[in-house]
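Here's the structure, in structure tokens; my notes come after.
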Amino acid sequence: MHIPVLTIDGPSGAGKGTVSRLAAKKLGWNYLDSGSIYRSLAIALQKMSVDFESVSEIVKVAQAMTLEFDCGDELIVKLNGEDITRQLGLESTGNIASRIAALPDVRRVLLQKQRDFRQAPGLVADGRDMGTVVFPEADNKVFLTASAEKRAERRYKQLMEKEIDANLAQITNEIEVRDRRDTERENAPLAMASDALYIDSSDMTIDAVIEEVLNLIR
């Protein structure tokens with residue numbers, strides 16, 4: 001049986017997570033946050049004090065880790081049975097995740113873990129290369145973006161609401177650096193699929209973005 005897939009790609013802070021979860025909920029489909037997979041691995045590596053220069057050690061941890069996604073009103077991610085949701089949002093976690101995501105051997109290990117989320121009745125996959133690498137044959141694809149300044153403002157607000165100290169200028173700089181690293185890396189760079197719908201959410205509400213995405217499915 002053919003299982004439909006909706007991919008939503010784009011840079012960090014564009015609203016992919018919120019849009020993807022709401023779309024999955026409205027459609028009654030399964031949800032994959034690929035960014036959480038890499039961020040979870042980053043946390044696992046930190047917990048085990050793994051040398052980030054040792055690709056073989058990183059691969060071993062990636063192979064052994066187990067992940068659970070509970071997509072309710074808020075996404076809950078469990079790594080080896082432990083709730084790591086709060087740690088996922090830390091800038092340090094994101095920076096490590098972006099670094100290890102550029103390693104071909106690590107990507108190969110996690111690629112099948114991502115594809116295994118494709119189960120009936122359908123899947124909404126959120127990430128940076130869902131429509132170009134993980135699910136290139138997906139029925140519907142979206143590339144969701146926003147200006148670096150707007151994304152930094154959103155991230156800063158999220159951290160403040162969680163009572164996590166943050167600096168807006170530093171976040172803006174980290175987002176710009178991460179964007180360059182993600183778009184320029186040799187293996188599976190951040191890029192819009194040729195058959196994807198382009199949405200700039202800088203001046204759009206979440207509801208407006210959701211409506212565009214659901215119209216694509218319809």
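Here's how to read the names in the structure tokens: chain A, B, ... by the order shown, residue numbers from 1 in each chain, ligand numbers from 1 in the order shown.
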Next on the checklist: Among range 27-181 of chain A, which residues does DSSP mark as helix (DSSP H, G or I) when it is run on the backbone? Keep the chain and numbering as in the structure and answer as JSON, numbers by chain.
Outcome noted: {"A": [27, 34, 35, 36, 37, 38, 39, 40, 41, 42, 43, 44, 45, 46, 47, 55, 56, 57, 58, 59, 60, 61, 62, 63, 64, 85, 86, 87, 88, 91, 92, 93, 94, 95, 96, 97, 98, 99, 100, 104, 105, 106, 107, 108, 109, 110, 111, 112, 113, 114, 115, 130, 131, 132, 133, 134, 148, 149, 150, 151, 152, 153, 154, 155, 156, 157, 158, 159, 160, 161, 168, 169, 170, 171, 172, 173, 174, 175, 176, 177, 178, 179, 180, 181]}
Check which residues of range 1-111 of chain A sit at most 8 Å from range 173-181 of chain A using only C-alpha atoms, and return one row each with the closest pair of atoms and their distance in Å to one decimal, ordered by chain and rising number, as JSON lines.
{"residue": "A:Pro11", "atom": "CA", "partner": "A:Asp179", "partner_atom": "CA", "distance": 6.7}
{"residue": "A:Ser12", "atom": "CA", "partner": "A:Ile175", "partner_atom": "CA", "distance": 7.3}
{"residue": "A:Asn95", "atom": "CA", "partner": "A:Arg178", "partner_atom": "CA", "distance": 7.4}
{"residue": "A:Ser98", "atom": "CA", "partner": "A:Arg178", "partner_atom": "CA", "distance": 7.1}
Next on the checklist: I'd like the contact shell of range 165-170 of chain A - 7 Å cut-off, only C-alpha atoms, skipping same-chain residues fewer than 6 positions apart - returned as a list in words.
Outcome noted: Ala152, Glu153, Tyr156 and Leu159 of chain A
Checklist entry - What is the CA of Arg107 in chain A-CA of Leu22 in chain A distance in Å, reported with one decimal? => result 26.8 Å
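Considering the residues A:Ala188, A:Ile206, A:Leu216, A:Val134 and counting only C-alpha atoms, Gln112 in chain A has its shortest atom-to-atom contact with A:Val134.
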If you count only C-alpha atoms, which residues fall within 12 Å of Pro104 in chain A, apart from same-chain ones fewer than 2 positions away, as a PDB file with C-alpha atoms, in the first residue's frame?
ATOM      1  CA  VAL A  55      33.523   9.316  13.705  1.00  0.00           C
ATOM      2  CA  SER A  56      33.548   5.605  14.578  1.00  0.00           C
ATOM      3  CA  ILE A  58      29.761   8.698  17.042  1.00  0.00           C
ATOM      4  CA  VAL A  59      28.454   5.998  14.683  1.00  0.00           C
ATOM      5  CA  ARG A  99      28.310  19.537  12.969  1.00  0.00           C
ATOM      6  CA  ILE A 100      27.597  15.805  13.167  1.00  0.00           C
ATOM      7  CA  ALA A 101      24.904  16.083  10.477  1.00  0.00           C
ATOM      8  CA  ALA A 102      27.693  16.887   8.027  1.00  0.00           C
ATOM      9  CA  VAL A 106      26.516   9.278  10.669  1.00  0.00           C
ATOM     10  CA  ARG A 107      23.910  10.320   8.106  1.00  0.00           C
ATOM     11  CA  ARG A 108      23.869   6.790   6.652  1.00  0.00           C
ATOM     12  CA  VAL A 109      23.135   5.273  10.069  1.00  0.00           C
ATOM     13  CA  LEU A 110      20.300   7.692  10.820  1.00  0.00           C
ATOM     14  CA  LEU A 111      18.805   7.657   7.313  1.00  0.00           C
ATOM     15  CA  ARG A 185      28.247  21.192   3.296  1.00  0.00           C
ATOM     16  CA  GLU A 186      29.080  18.557   0.696  1.00  0.00           C
ATOM     17  CA  ASN A 187      26.750  15.854   1.987  1.00  0.00           C
ATOM     18  CA  ALA A 188      22.986  16.544   1.714  1.00  0.00           C
ATOM     19  CA  PRO A 189      23.156  20.353   1.945  1.00  0.00           C
TER      20      PRO A 189
END
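Distances to Val213 in chain A were evaluated for A:Met160, A:Leu144, A:Ala42, A:Ile96 using only C-alpha atoms, and the minimum falls at A:Leu144.
Considering only C-alpha atoms, the residue among A:Leu27, A:Ile43, A:Ile210, A:Ile37 positioned nearest to Thr93 in chain A is A:Ile43.
Using only C-alpha atoms, the contacts of range 67-70 of chain A at a cut-off of 9 Å, with sequence neighbours closer than 5 positions omitted, comprise Tyr31, Leu32, Asp33, Ile37, Ser40, Leu75, Ile76, Val77, Lys78, Leu79, Asn80 and Gly81 of chain A.
Each of A:Ala44, A:Gly72, A:Leu123, A:Ala24 was compared to Lys60 in chain A using only C-alpha atoms, and A:Ala44 turns out to be the nearest.
Distances from A:Ile199, A:Val124, A:Thr18, A:Leu88 to Tyr38 in chain A were compared using only C-alpha atoms, and the smallest one belongs to A:Leu88.
For range 28-191 of chain A, backbone-based DSSP labels the following residues as strand (DSSP E or B): Asn30, Tyr31, Leu32, Asp33, Leu67, Glu68, Phe69, Asp70, Cys71, Leu75, Ile76, Val77, Lys78, Leu79, Glu82, Asp83, Leu123, Val124, Ala125, Asp126, Gly127, Asn140, Lys141, Val142, Phe143, Leu144 and Thr145 of chain A.
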Next on the checklist: Quick one: residues within 8 Å of Arg151 in chain A, only C-alpha atoms, excluding same-chain residues fewer than 2 positions away - as a list in words?
Outcome noted: Ser12, Gly13, Ala14, Ala146, Ser147, Ala148, Glu149, Glu153, Arg154, Arg155, Thr172 and Ser202 of chain A
Could the residues in this selection be saved with C-alpha atoms as a PDB file, in the first residue's frame?
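Below is the file that was written, selection_23.pdb:
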ATOM      1  CA  SER A  12      16.313  26.516  11.644  1.00  0.00           C
ATOM      2  CA  GLY A  13      13.683  28.797  13.186  1.00  0.00           C
ATOM      3  CA  ALA A  14      11.429  29.074  10.152  1.00  0.00           C
ATOM      4  CA  ALA A 146      12.088  33.265   6.972  1.00  0.00           C
ATOM      5  CA  SER A 147      14.702  35.994   7.365  1.00  0.00           C
ATOM      6  CA  ALA A 148      17.584  35.305   9.783  1.00  0.00           C
ATOM      7  CA  GLU A 149      16.507  38.300  11.882  1.00  0.00           C
ATOM      8  CA  GLU A 153      13.630  36.915  17.284  1.00  0.00           C
ATOM      9  CA  ARG A 154      11.399  33.833  17.441  1.00  0.00           C
ATOM     10  CA  ARG A 155      14.179  31.729  18.984  1.00  0.00           C
ATOM     11  CA  THR A 172      21.329  35.873  15.074  1.00  0.00           C
ATOM     12  CA  SER A 202       8.608  36.117   7.829  1.00  0.00           C
TER      13      SER A 202
END
Next on the checklist: Residues near Lys25 in chain A, anyone? I mean within 10 Å using only C-alpha atoms, not counting same-chain ones fewer than 4 positions away, as a PyMOL selection string.
Outcome noted: chain A and resi 19-21+29-31+71-73+124
Item to check | Among the residues A:Ile8, A:Gly15, A:Ile84, A:His2, the one that comes closest to Leu41 in chain A [using only C-alpha atoms] | outcome: A:Ile84
